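Data block for my_file.cif (mmCIF, C-alpha atoms):
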data_query
#
loop_
_atom_site.label_atom_id
_atom_site.label_comp_id
_atom_site.auth_asym_id
_atom_site.auth_seq_id
_atom_site.Cartn_x
_atom_site.Cartn_y
_atom_site.Cartn_z
CA MET A 1 5.62 18.75 22.34
CA VAL A 2 7.22 16.04 20.19
CA GLN A 3 5.61 12.59 20.43
CA SER A 4 6.01 9.21 18.80
CA VAL A 5 3.50 8.46 16.03
CA SER A 6 2.34 5.10 14.72
CA VAL A 7 0.96 5.23 11.19
CA ILE A 8 -1.44 2.31 10.69
CA ILE A 9 -2.46 1.17 7.21
CA PRO A 10 -4.89 -1.58 6.17
CA CYS A 11 -3.76 -3.14 2.92
CA TYR A 12 -4.78 -5.73 0.34
CA ASN A 13 -3.54 -5.90 -3.26
CA GLU A 14 -2.34 -2.30 -3.39
CA GLU A 15 0.66 -2.65 -5.72
CA LYS A 16 -0.39 0.41 -7.74
CA THR A 17 -0.42 2.89 -4.86
CA ILE A 18 1.50 1.50 -1.87
CA SER A 19 4.84 2.91 -3.05
CA LEU A 20 3.29 6.36 -3.50
CA LEU A 21 1.96 6.23 0.06
CA LEU A 22 5.25 5.07 1.59
CA ASP A 23 7.19 7.72 -0.31
CA ALA A 24 4.78 10.38 0.99
CA ILE A 25 5.26 9.15 4.55
CA TYR A 26 9.03 9.20 4.09
CA ARG A 27 8.87 12.85 2.97
CA GLN A 28 6.88 13.98 6.03
CA THR A 29 8.20 17.02 7.88
CA TYR A 30 7.63 15.24 11.20
CA PRO A 31 10.84 13.79 12.72
CA ARG A 32 11.40 10.45 11.03
CA HIS A 33 12.94 8.79 14.09
CA LEU A 34 9.62 9.30 15.91
CA LEU A 35 7.61 7.50 13.22
CA GLU A 36 6.73 3.85 12.78
CA VAL A 37 4.61 2.47 9.96
CA ILE A 38 2.50 -0.63 10.61
CA ILE A 39 0.95 -2.20 7.50
CA ALA A 40 -1.70 -4.86 8.15
CA ASP A 41 -1.86 -6.93 4.98
CA GLY A 42 -4.79 -9.22 4.24
CA GLY A 43 -2.74 -11.70 2.22
CA SER A 44 -2.07 -9.72 -0.94
CA VAL A 45 -1.56 -11.88 -4.02
CA ASP A 46 -0.10 -9.16 -6.25
CA ASP A 47 3.25 -7.40 -5.86
CA THR A 48 2.22 -5.35 -2.82
CA ARG A 49 4.55 -7.12 -0.37
CA LYS A 50 7.44 -6.96 -2.83
CA ARG A 51 6.95 -3.22 -3.25
CA ILE A 52 6.98 -2.81 0.53
CA THR A 53 10.11 -4.94 0.90
CA ASP A 54 11.89 -3.00 -1.83
CA PHE A 55 10.99 0.26 -0.09
CA GLN A 56 12.20 -1.04 3.28
CA GLN A 57 15.56 -1.96 1.76
CA SER A 58 16.04 1.40 0.03
CA HIS A 59 14.82 3.45 3.02
CA PRO A 60 16.21 1.73 6.14
CA ASP A 61 15.86 4.89 8.25
CA LEU A 62 12.04 4.61 8.23
CA ASN A 63 10.65 1.98 10.58
CA ILE A 64 8.21 -0.09 8.51
CA ARG A 65 6.64 -3.35 9.67
CA VAL A 66 4.18 -5.65 7.92
CA ILE A 67 1.80 -7.80 9.94
CA ASP A 68 -0.81 -10.30 8.81
CA ASN A 69 -4.54 -9.62 8.81
CA PRO A 70 -6.08 -13.09 8.44
CA LYS A 71 -9.65 -11.75 8.67
CA ARG A 72 -9.01 -9.61 5.57
CA ILE A 73 -11.38 -6.86 6.68
CA ILE A 74 -10.42 -3.24 7.36
CA PRO A 75 -11.47 -2.88 11.03
CA ALA A 76 -9.59 -6.07 11.94
CA ALA A 77 -6.52 -4.76 10.08
CA LEU A 78 -6.67 -1.51 12.03
CA ASN A 79 -7.04 -3.27 15.38
CA ARG A 80 -4.15 -5.63 14.69
CA ALA A 81 -1.99 -2.69 13.63
CA ILE A 82 -2.86 -0.76 16.80
CA GLU A 83 -1.99 -3.80 18.91
CA ALA A 84 1.37 -4.08 17.16
CA SER A 85 2.14 -0.36 17.44
CA SER A 86 3.93 1.56 20.17
CA GLY A 87 3.38 5.24 19.35
CA GLU A 88 1.73 7.70 21.71
CA ILE A 89 -0.36 8.92 18.77
CA ILE A 90 -2.14 6.67 16.26
CA LEU A 91 -2.59 8.03 12.75
CA ARG A 92 -4.70 5.98 10.35
CA LEU A 93 -4.06 6.17 6.63
CA ASP A 94 -5.25 4.26 3.60
CA ALA A 95 -3.25 2.61 0.85
CA HIS A 96 -5.22 4.64 -1.72
CA CYS A 97 -4.09 8.00 -0.37
CA VAL A 98 -1.03 10.23 -0.54
CA PRO A 99 -0.73 12.60 2.44
CA ALA A 100 0.74 16.09 2.06
CA GLU A 101 4.25 16.54 3.49
CA ASP A 102 2.97 18.30 6.62
CA TYR A 103 0.05 15.90 7.17
CA ILE A 104 1.44 14.25 10.30
CA ALA A 105 2.85 17.48 11.75
CA ARG A 106 -0.48 19.31 11.37
CA SER A 107 -2.41 16.37 12.81
CA VAL A 108 -0.19 16.21 15.89
CA HIS A 109 -0.37 20.00 16.26
CA ASN A 110 -4.19 19.89 16.33
CA LEU A 111 -4.14 17.17 18.98
CA ASN A 112 -1.69 19.09 21.13
CA GLU A 113 -3.74 22.27 20.74
CA GLY A 114 -6.79 20.41 22.03
CA SER A 115 -8.79 20.95 18.83
CA GLY A 116 -10.30 17.48 19.01
CA ASP A 117 -9.95 13.92 20.20
CA ASN A 118 -9.83 12.67 16.63
CA VAL A 119 -8.60 15.05 13.96
CA GLY A 120 -8.64 14.68 10.21
CA GLY A 121 -8.51 16.74 7.07
CA LEU A 122 -9.46 17.34 3.48
CA TRP A 123 -9.46 14.82 0.67
CA ILE A 124 -8.12 16.12 -2.63
CA ILE A 125 -9.72 13.54 -4.88
CA GLU A 126 -7.87 12.49 -8.03
CA ALA A 127 -8.90 10.19 -10.85
CA GLY A 128 -8.28 6.52 -10.27
CA SER A 129 -7.90 5.89 -14.00
CA ALA A 130 -7.10 7.80 -17.15
CA GLY A 131 -9.87 8.89 -19.49
CA TRP A 132 -13.09 10.85 -19.27
CA LEU A 133 -14.93 8.42 -16.98
CA GLY A 134 -12.15 8.21 -14.39
CA HIS A 135 -11.97 12.00 -14.19
CA SER A 136 -15.77 12.25 -14.00
CA ILE A 137 -15.89 9.84 -11.05
CA ALA A 138 -13.26 11.91 -9.22
CA VAL A 139 -15.32 15.09 -9.69
CA ALA A 140 -18.51 13.32 -8.58
CA ALA A 141 -16.79 11.98 -5.46
CA ALA A 142 -16.17 15.58 -4.32
CA HIS A 143 -19.52 17.02 -5.49
CA ARG A 144 -22.04 18.04 -2.84
CA LEU A 145 -24.88 16.45 -4.79
CA GLY A 146 -23.01 13.17 -4.59
CA VAL A 147 -21.68 13.30 -1.03
CA GLY A 148 -24.05 15.67 0.76
CA ASP A 149 -22.59 17.40 3.79
CA ALA A 150 -19.52 15.19 4.12
CA ARG A 151 -17.29 18.23 4.67
CA TYR A 152 -13.99 16.39 4.40
CA ARG A 153 -14.60 16.06 0.65
CA TYR A 154 -15.05 19.74 -0.16
CA SER A 155 -15.05 22.18 2.78
CA ARG A 156 -12.40 24.81 3.48
CA LYS A 157 -13.74 25.68 6.95
CA ALA A 158 -12.30 24.12 10.12
CA GLY A 159 -14.59 22.95 12.90
CA ARG A 160 -16.38 20.13 14.66
CA VAL A 161 -17.86 17.46 12.39
CA ASP A 162 -19.58 14.09 12.71
CA THR A 163 -16.74 12.22 11.02
CA VAL A 164 -13.38 12.58 9.29
CA PRO A 165 -11.55 10.21 6.96
CA PHE A 166 -8.73 8.28 8.61
CA GLY A 167 -7.91 10.51 11.61
CA ALA A 168 -5.25 10.93 14.28
CA PHE A 169 -5.88 10.26 17.95
CA ARG A 170 -4.06 9.41 21.14
CA ARG A 171 -3.60 5.78 22.15
CA SER A 172 -5.44 6.59 25.38
CA LEU A 173 -8.63 7.18 23.35
CA ILE A 174 -8.68 3.55 22.17
CA GLU A 175 -7.98 2.39 25.71
CA LYS A 176 -11.01 4.41 26.81
CA ILE A 177 -13.65 3.57 24.17
CA GLY A 178 -12.26 0.45 22.49
CA GLY A 179 -10.97 -0.20 18.99
CA TYR A 180 -12.65 -0.48 15.62
CA ASP A 181 -15.83 -2.56 15.39
CA GLU A 182 -14.96 -5.77 13.54
CA SER A 183 -18.61 -6.66 12.95
CA LEU A 184 -18.75 -3.90 10.30
CA LEU A 185 -17.09 -4.48 6.94
CA THR A 186 -17.18 -0.77 6.20
CA ASN A 187 -18.30 2.44 7.98
CA GLU A 188 -15.72 1.58 10.65
CA ASP A 189 -14.41 5.16 10.79
CA TYR A 190 -17.90 6.62 11.19
CA GLU A 191 -18.76 4.12 13.90
CA LEU A 192 -15.60 4.94 15.86
CA ASN A 193 -16.30 8.67 15.54
CA THR A 194 -19.87 8.12 16.73
CA ARG A 195 -18.56 6.46 19.90
CA ILE A 196 -16.08 9.30 20.38
CA ARG A 197 -18.89 11.85 20.25
CA GLN A 198 -21.17 9.78 22.48
CA ASN A 199 -18.39 9.68 25.09
CA GLY A 200 -18.12 13.46 25.10
CA GLY A 201 -15.24 13.67 22.63
CA ILE A 202 -14.73 15.99 19.68
CA VAL A 203 -14.15 15.03 16.06
CA PHE A 204 -12.35 17.93 14.40
CA PHE A 205 -11.87 18.78 10.74
CA ASP A 206 -8.91 20.93 9.65
CA PRO A 207 -8.77 21.58 5.88
CA THR A 208 -5.03 22.31 6.07
CA ILE A 209 -4.51 18.60 6.82
CA ARG A 210 -4.58 17.38 3.24
CA SER A 211 -4.24 14.12 1.42
CA THR A 212 -4.75 13.05 -2.16
CA TYR A 213 -7.23 10.22 -2.47
CA TYR A 214 -7.63 8.16 -5.64
CA ALA A 215 -11.25 7.57 -6.62
CA ARG A 216 -12.56 4.31 -8.02
CA PRO A 217 -11.42 3.78 -11.62
CA ASN A 218 -14.74 2.76 -13.22
CA LEU A 219 -18.48 2.64 -12.60
CA THR A 220 -18.43 -1.06 -11.66
CA SER A 221 -16.00 -0.57 -8.78
CA LEU A 222 -17.80 2.66 -7.80
CA ALA A 223 -21.10 0.75 -7.68
CA ARG A 224 -19.60 -1.96 -5.45
CA GLN A 225 -18.08 0.67 -3.16
CA TYR A 226 -21.35 2.57 -2.64
CA TRP A 227 -23.40 -0.61 -2.29
CA ARG A 228 -21.11 -1.57 0.62
CA TYR A 229 -21.41 1.92 2.10
CA GLY A 230 -25.20 1.78 2.06
CA TYR A 231 -25.44 -1.83 3.20
CA TRP A 232 -23.25 -1.37 6.26
CA LYS A 233 -24.60 2.07 7.06
CA TRP A 234 -27.95 0.53 7.97
CA ARG A 235 -26.20 -2.03 10.21
CA MET A 236 -24.46 0.80 12.02
CA LEU A 237 -27.61 2.92 12.31
CA ARG A 238 -29.44 0.08 14.05
CA ARG A 239 -27.01 0.55 16.93
CA TYR A 240 -26.71 4.34 16.67
CA PRO A 241 -30.03 5.65 15.30
CA ARG A 242 -29.33 9.17 16.53
CA SER A 243 -26.27 9.36 14.28
CA LEU A 244 -28.51 9.45 11.18
CA ARG A 245 -27.89 12.42 8.87
CA LEU A 246 -30.20 13.72 6.15
CA ARG A 247 -27.63 12.96 3.44
CA GLN A 248 -27.78 9.29 4.45
CA LEU A 249 -31.57 9.08 4.33
CA LEU A 250 -32.20 10.67 0.93
CA PRO A 251 -30.74 7.95 -1.37
CA PRO A 252 -32.77 5.05 0.09
CA LEU A 253 -35.94 7.17 0.07
CA PHE A 254 -35.34 8.09 -3.57
CA VAL A 255 -34.62 4.50 -4.60
CA LEU A 256 -37.70 3.29 -2.71
CA THR A 257 -39.86 5.92 -4.41
CA VAL A 258 -38.59 4.94 -7.86
CA ALA A 259 -39.12 1.24 -7.12
CA LEU A 260 -42.69 1.76 -5.88
CA MET A 261 -43.58 3.98 -8.82
CA LEU A 262 -42.11 1.40 -11.20
CA VAL A 263 -44.36 -1.32 -9.76
CA LEU A 264 -47.42 0.93 -9.80
CA SER A 265 -46.69 1.96 -13.39
CA PHE A 266 -47.69 -1.53 -14.54
CA PHE A 267 -51.20 -0.86 -13.27
CA PHE A 268 -51.71 2.90 -13.41
CA MET A 269 -50.94 5.27 -16.27
CA ALA A 270 -50.61 8.15 -13.80
CA ALA A 271 -47.83 6.31 -11.95
CA ARG A 272 -46.03 5.70 -15.25
CA SER A 273 -46.19 9.38 -16.14
CA ALA A 274 -45.05 10.38 -12.67
CA LEU A 275 -42.09 8.00 -12.85
CA VAL A 276 -40.99 9.36 -16.21
CA GLY A 277 -41.35 12.90 -14.95
CA LEU A 278 -39.36 12.15 -11.79
CA LEU A 279 -36.51 10.56 -13.72
CA ILE A 280 -36.43 13.43 -16.23
CA ILE A 281 -36.25 16.00 -13.43
CA TYR A 282 -33.57 13.94 -11.64
CA GLY A 283 -31.54 13.67 -14.84
CA LEU A 284 -31.81 17.39 -15.53
CA VAL A 285 -30.70 18.23 -11.98
CA LEU A 286 -27.66 15.96 -12.37
CA ILE A 287 -26.75 17.49 -15.72
CA LEU A 288 -27.11 21.04 -14.43
CA SER A 289 -24.98 20.18 -11.41
CA ALA A 290 -22.21 19.04 -13.74
CA VAL A 291 -22.12 22.27 -15.75
CA PRO A 292 -20.12 24.38 -13.21
CA PRO A 293 -17.22 21.90 -12.87
CA ALA A 294 -17.28 21.26 -16.62
CA PHE A 295 -17.04 25.01 -17.30
CA GLN A 296 -14.38 25.53 -14.63
CA LYS A 297 -12.17 22.70 -15.88
CA ARG A 298 -13.03 23.15 -19.57
CA GLN A 299 -13.83 19.43 -19.68
CA TRP A 300 -17.27 19.18 -21.23
CA TYR A 301 -17.41 15.40 -21.02
CA LEU A 302 -18.13 15.97 -17.32
CA VAL A 303 -21.68 16.95 -18.29
CA ILE A 304 -22.20 13.28 -19.16
CA GLY A 305 -19.72 11.55 -16.85
CA VAL A 306 -20.55 13.30 -13.58
CA PRO A 307 -24.32 12.55 -13.79
CA LEU A 308 -23.51 8.90 -14.55
CA ALA A 309 -21.22 8.68 -11.54
CA ILE A 310 -23.55 10.50 -9.12
CA ALA A 311 -26.53 8.40 -10.22
CA THR A 312 -24.45 5.25 -9.64
CA MET A 313 -23.56 6.51 -6.14
CA HIS A 314 -27.17 7.39 -5.27
CA PHE A 315 -28.83 4.23 -6.56
CA CYS A 316 -26.22 1.78 -5.23
CA TRP A 317 -26.00 3.44 -1.81
CA GLY A 318 -29.77 3.56 -1.52
CA ALA A 319 -30.29 0.00 -2.77
CA GLY A 320 -27.61 -1.37 -0.45
CA PHE A 321 -29.23 0.41 2.49
CA LEU A 322 -32.70 -0.96 1.67
CA VAL A 323 -31.49 -4.53 1.09
CA SER A 324 -29.61 -4.45 4.40
CA MET A 325 -32.72 -3.14 6.17
CA ILE A 326 -34.96 -5.86 4.66
CA ARG A 327 -32.49 -8.61 5.55
CA SER A 328 -32.19 -7.38 9.13
CA PHE A 329 -35.98 -7.52 9.57
CA LYS A 330 -36.03 -11.11 8.28
CA SER A 331 -33.27 -12.27 10.62
#

Translate this file's structure into structure tokens.
Amino acid sequence: MVQSVSVIIPCYNEEKTISLLLDAIYRQTYPRHLLEVIIADGGSVDDTRKRITDFQQSHPDLNIRVIDNPKRIIPAALNRAIEASSGEIILRLDAHCVPAEDYIARSVHNLNEGSGDNVGGLWIIEAGSAGWLGHSIAVAAAHRLGVGDARYRYSRKAGRVDTVPFGAFRRSLIEKIGGYDESLLTNEDYELNTRIRQNGGIVFFDPTIRSTYYARPNLTSLARQYWRYGYWKWRMLRRYPRSLRLRQLLPPLFVLTVALMLVLSFFFMAARSALVGLLIIYGLVLILSAVPPAFQKRQWYLVIGVPLAIATMHFCWGAGFLVSMIRSFKS
């Protein structure tokens, strides 16, 4: 069964990667005349729009449209793109990713086979910057100690999951359960997948659906990313408490424990010793977890870089979660 597909892409200041994404879409094995690409731009101030225009002019056989996203948030961009689209199937991508050539074909195949109501695949995470730290962040972003049981970052086994990155689904699904929640600045994919599952739908992961995703280039941008993840995760969990997973609870509990022990250490020597011991054990676990990828890749700087990146992910996610929780109780 051959169906029309609308590829929707939220975008803001993506001059470094937007051409890579569009080129990857152009090279898809899926029939090009059945594709349309809707880019919802939040008012980019770099050369993003110029890169898109240049691509449109050099590839007139691919239907590409740019629409405005005045709210400049991802869920609003996705909703505006869906409204402007016409395809029977909606396939959401990100300006930071490069899908494999059979990405769309495999996604549509899974939908037609009835594998799931929203299907997605595996991230192959690449460094967002050159140098030892950029490569370390990419390894950490696919490490189970950093991402828990988020299977789309590492698994090679197909099956039902709680969420997938991006995803492909029929337009009728949005008509049934509604679009992306614009009250969330992030976690919009997880929230949509939660509603799918609550309405009896299936979220399906197929590791043969592959895309390359570029990790954050430095620890500062990684910290901001995971702070947002944690902050908005609590906001989502207030509405869907049963969607909580163990991997989401551990970072805030760890950060809370460290914070409490730090306060108590000013008054009790035992608390000070316990805090030092906890941090030493935590550091050793992180270092040991970095040894296998360092040995496999013969990149021994990972023994330092991966622990730094994972610790940044844990502490910022947990702190964002706790701050969001405290603020919600005050409001």

Point out the residue among A:His135, A:Arg92, A:Arg72, A:Lys330 with the least atom-to-atom distance to A:Arg216, counting only C-alpha atoms.
A:His135

Explicit residues for the PyMOL selection byres ((chain A and resi 322) around 9) (as a PyMOL selection string)
chain A and resi 230-231+234+252-253+255-256+317-321+323-327

Just the number, please: distance in Å from atom CA of A:Leu122 to atom CA of A:Gly42, one decimal.
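If I compute the distance from atom CA of A:Leu122 to atom CA of A:Gly42, I get 27.0 Å.
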
To verify the selection step, state as a count of residues only which residues the PyMOL selection byres ((chain A and resi 310) around 12) yields on this input.
41

On this file, the PyMOL selection byres ((chain A and resi 78) around 12) gives some set of residues; write that set as an MDAnalysis selection string.
chainID A and resid 6:11 38:42 67:69 71:77 79:85 90:94 166 174 179:182 185 188:189 192

Quick one: which stretch 157-218 of chain A residues come within 12 Å of stretch 16-20 of chain A, and what is the nearest atom pair for each with the distance in Å to one decimal, counting only C-alpha atoms, rows ordered by chain and ascending number, as JSON lines?
{"residue": "A:Ser211", "atom": "CA", "partner": "A:Leu20", "partner_atom": "CA", "distance": 11.9}
{"residue": "A:Thr212", "atom": "CA", "partner": "A:Leu20", "partner_atom": "CA", "distance": 10.5}
{"residue": "A:Tyr213", "atom": "CA", "partner": "A:Thr17", "partner_atom": "CA", "distance": 10.3}
{"residue": "A:Tyr214", "atom": "CA", "partner": "A:Thr17", "partner_atom": "CA", "distance": 9.0}
{"residue": "A:Ala215", "atom": "CA", "partner": "A:Thr17", "partner_atom": "CA", "distance": 11.9}

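What separates atom CA of A:Leu279 from atom CA of A:Ala150 is a distance of 25.1 Å.
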
Residues within 10 Å of A:Asp46, please, as a ChimeraX atom specification. Count all atoms listed in the file; anything in the same chain fewer than 5 positions from it doesn't count.
/A:12-16,51

Enter the distance from atom CA of A:Trp300 to atom CA of A:Thr220, in Å, rounded to one decimal.
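Going from atom CA of A:Trp300 over to atom CA of A:Thr220, I get 22.4 Å.
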
For A:Val203, which of A:Pro217, A:Gly167, A:Gly116, A:Gly159 is the closest residue, counting all atoms listed in the file?
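So, comparing all the options, the nearest one is A:Gly116.
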
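Across A:Leu275, A:Leu184, A:Val291, A:Met269, the tightest approach to A:Leu237 is made by A:Leu184 when counting all atoms listed in the file.
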
Closest to A:Asn118 among A:Gly134, A:Pro292, A:Pro165, A:Pro31, using all atoms listed in the file?
A:Pro165

Residues within 10 Å of (-26.7, 9.9, 10.2), file coords, all atoms listed in the file, listed as a list in words:
Asp162, Tyr190, Thr194, Lys233, Trp234, Met236, Leu237, Tyr240, Pro241, Arg242, Ser243, Leu244, Arg245, Leu246, Arg247, Gln248 and Leu249 of chain A

For A:Leu264: contacts at 12 Å, only C-alpha atoms, fewer than 6 positions along chain excluded, given as a list of chain:residue names:
A:Thr257, A:Val258, A:Ala270, A:Ala271, A:Arg272, A:Ser273, A:Ala274, A:Leu275

Can you write out the residues you just picked, keeping C-alpha atoms, as a CSV table (one decimal), in the frame of the given file?
chain,number,residue,atom,x,y,z
A,257,THR,CA,-39.9,5.9,-4.4
A,258,VAL,CA,-38.6,4.9,-7.9
A,270,ALA,CA,-50.6,8.2,-13.8
A,271,ALA,CA,-47.8,6.3,-12.0
A,272,ARG,CA,-46.0,5.7,-15.2
A,273,SER,CA,-46.2,9.4,-16.1
A,274,ALA,CA,-45.0,10.4,-12.7
A,275,LEU,CA,-42.1,8.0,-12.8
